[in-house]
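To keep things clear, I will list the structure first and then write my remarks on it.
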Amino acid sequence: MEQKPNIKGRIHLDEKFVKVRKKDCYDLNAIDSKTKYVLAHLFVEKRSLNKCVEFLRQIKVTCYDQIIERHKQEKGKPAKQKKLVIFVSDKFENYKNAFNKLFFKVAKLRFGVSIKAKKNGLKHNNNHIERYNQEIKDRIKTMRSFGSNKGAEHFLNLKHITHNFVNPHMQIKGKTPAEAAGVDLKLGRNKLLNLVKYVARRHITKR
């Protein structure tokens with residue numbers, strides 16, 4: 001059975017500009033503030049409503065049972081006292097509309113402030129996802145631009161996989177985000193090699 005990540009913090013949504021042949025595209029990401037696990041990722045040319053729904057639907061597929069369970073536990077409490085799963089994003093309209101389409105009434109949407117706003121003490125700042133996006137920026141700044149959409153998509157897919165399963169994170173005591181989120185693939189010390197082997201085995205068994 002496929003393991004699903006446990007939601008332990010707020011879910012932060014944001015995007016990173018990515019140049020493909022000098023044209024601006026977007027890398028959409030959703031990250032758990034406590035585990036640092038990337039719950040959803042999508043490379044898009046435009047942040048249309050359909051693409052934002054496709055992006056957030058990844059969370060609905062993997063985590064909706066947890067969101068519904070939390071909603072059931074809080075049922076009957078006054079609205080302001082309900083501790084539902086919280087999504088945090090900027091005020092981009094299509095994020096809001098996509099959220100309402102998929103999670104209306106079962107989760108909460110809050111609008112965060114950026115690192116640049118220098119309001120890190122605010123409860124719903126969006127620093128967690130912006131730091132992840134900065135990692136991506138640091139990785140690709142020497143490349144200037146991707147040559148194709150496919151090249152950009154493959155690179156960004158690999159980036160979020162290695163972030164989740166391979167790279168330990170200082171803020172979660174040296175664990176990988178996957179380990180912190182309860183997704184334990186038993187990868188051992190050589191995580192990258194064993195992850196490749198794990199994916200290869202799954203591919204063979206699905207034939």
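Ordering of the structure tokens sets the chain letters (A, B, ...), residue numbers begin anew at 1 in every chain, and ligands are numbered from 1 in the order given.
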Filtered DSSP result for chain A, state alpha helix (DSSP H), as a ChimeraX atom specification: /A:49-74,93-103,127-140,149-165,177-180,191-205
Residue contacts of Lys23 in chain A (10 Å, only C-alpha atoms) excluding same-chain residues fewer than 4 positions away, as a PyMOL selection string: chain A and resi 17-19+45+145-146
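Residue neighbourhood of Gln81 in chain A, excluding near-sequence residues (fewer than 5 positions): His71, Gln73, Glu74, Lys75, Gly76 and Lys108 of chain A, at 12 Å, using only C-alpha atoms.
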Test item: residues at most 12 Å from Glu69 in chain A, only C-alpha atoms, excluding those fewer than 6 positions along its chain, as a PyMOL selection string: chain A and resi 7+63+75+83-85+106-107
Just C-alpha atoms for this one: save the residues we selected as a PDB file, in the first residue's frame.
ATOM      1  CA  ILE A   7      -0.197  16.751   7.609  1.00  0.00           C
ATOM      2  CA  CYS A  63      -4.488  13.918   2.121  1.00  0.00           C
ATOM      3  CA  LYS A  75     -17.653  19.647  14.105  1.00  0.00           C
ATOM      4  CA  LYS A  83      -8.789  23.861  14.381  1.00  0.00           C
ATOM      5  CA  LEU A  84      -9.129  22.808  10.756  1.00  0.00           C
ATOM      6  CA  VAL A  85      -6.240  22.205   8.366  1.00  0.00           C
ATOM      7  CA  VAL A 106     -13.557  21.427   5.372  1.00  0.00           C
ATOM      8  CA  ALA A 107     -10.340  23.494   5.649  1.00  0.00           C
TER       9      ALA A 107
END
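CA of Lys82 in chain A to CA of Asp65 in chain A spans 17.3 Å [interatomic distance, one decimal].
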Shell of 7 Å around Arg10 in chain A, only C-alpha atoms, local chain residues under 3 positions omitted, as a list of chain:residue names: A:Asp32, A:Ser33, A:Val85, A:Ile86, A:Phe87, A:Val88
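In terms of minimum interatomic distance to Ile172 in chain A, A:Lys34 ranks closest within A:His12, A:Glu2, A:Lys34, A:Leu102, counting only C-alpha atoms.
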Nearest to Leu28 in chain A, chosen from A:Thr176, A:Ser148, A:Thr162, A:Gln58, with only C-alpha atoms counted in the distances: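 Using only C-alpha atoms, the shortest distance to Leu28 in chain A belongs to A:Gln58.
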Contacts of Leu187 in chain A at 12 Å (only C-alpha atoms; same-chain gap of 3+ positions) as an MDAnalysis selection string: chainID A and resid 165:167 176 178:179 183:184 190:199
Contacts of Ile59 in chain A within 7 Å, only C-alpha atoms, excl. fewer than 3 positions in-chain, as a VMD selection string: chain A and resid 39 to 40 56 62 to 64
Residues just named, written with N, CA and C atoms as a PDB file, in the first residue's frame:
ATOM      1  N   LEU A  39       3.889  18.724  -0.591  1.00  0.00           N
ATOM      2  CA  LEU A  39       2.661  17.944  -0.756  1.00  0.00           C
ATOM      3  C   LEU A  39       2.126  17.992  -2.175  1.00  0.00           C
ATOM      4  N   ALA A  40       2.474  19.037  -2.913  1.00  0.00           N
ATOM      5  CA  ALA A  40       2.012  19.169  -4.297  1.00  0.00           C
ATOM      6  C   ALA A  40       3.014  20.005  -5.073  1.00  0.00           C
ATOM      7  N   LEU A  56      -3.811  21.750  -6.698  1.00  0.00           N
ATOM      8  CA  LEU A  56      -4.336  21.458  -5.363  1.00  0.00           C
ATOM      9  C   LEU A  56      -5.024  20.103  -5.277  1.00  0.00           C
ATOM     10  N   THR A  62      -4.075  12.759  -1.985  1.00  0.00           N
ATOM     11  CA  THR A  62      -3.222  12.107  -0.981  1.00  0.00           C
ATOM     12  C   THR A  62      -3.639  12.377   0.465  1.00  0.00           C
ATOM     13  N   CYS A  63      -4.284  13.503   0.726  1.00  0.00           N
ATOM     14  CA  CYS A  63      -4.488  13.918   2.121  1.00  0.00           C
ATOM     15  C   CYS A  63      -5.924  14.248   2.493  1.00  0.00           C
ATOM     16  N   TYR A  64      -6.876  14.030   1.590  1.00  0.00           N
ATOM     17  CA  TYR A  64      -8.246  14.472   1.872  1.00  0.00           C
ATOM     18  C   TYR A  64      -8.849  13.745   3.067  1.00  0.00           C
TER      19      TYR A  64
END
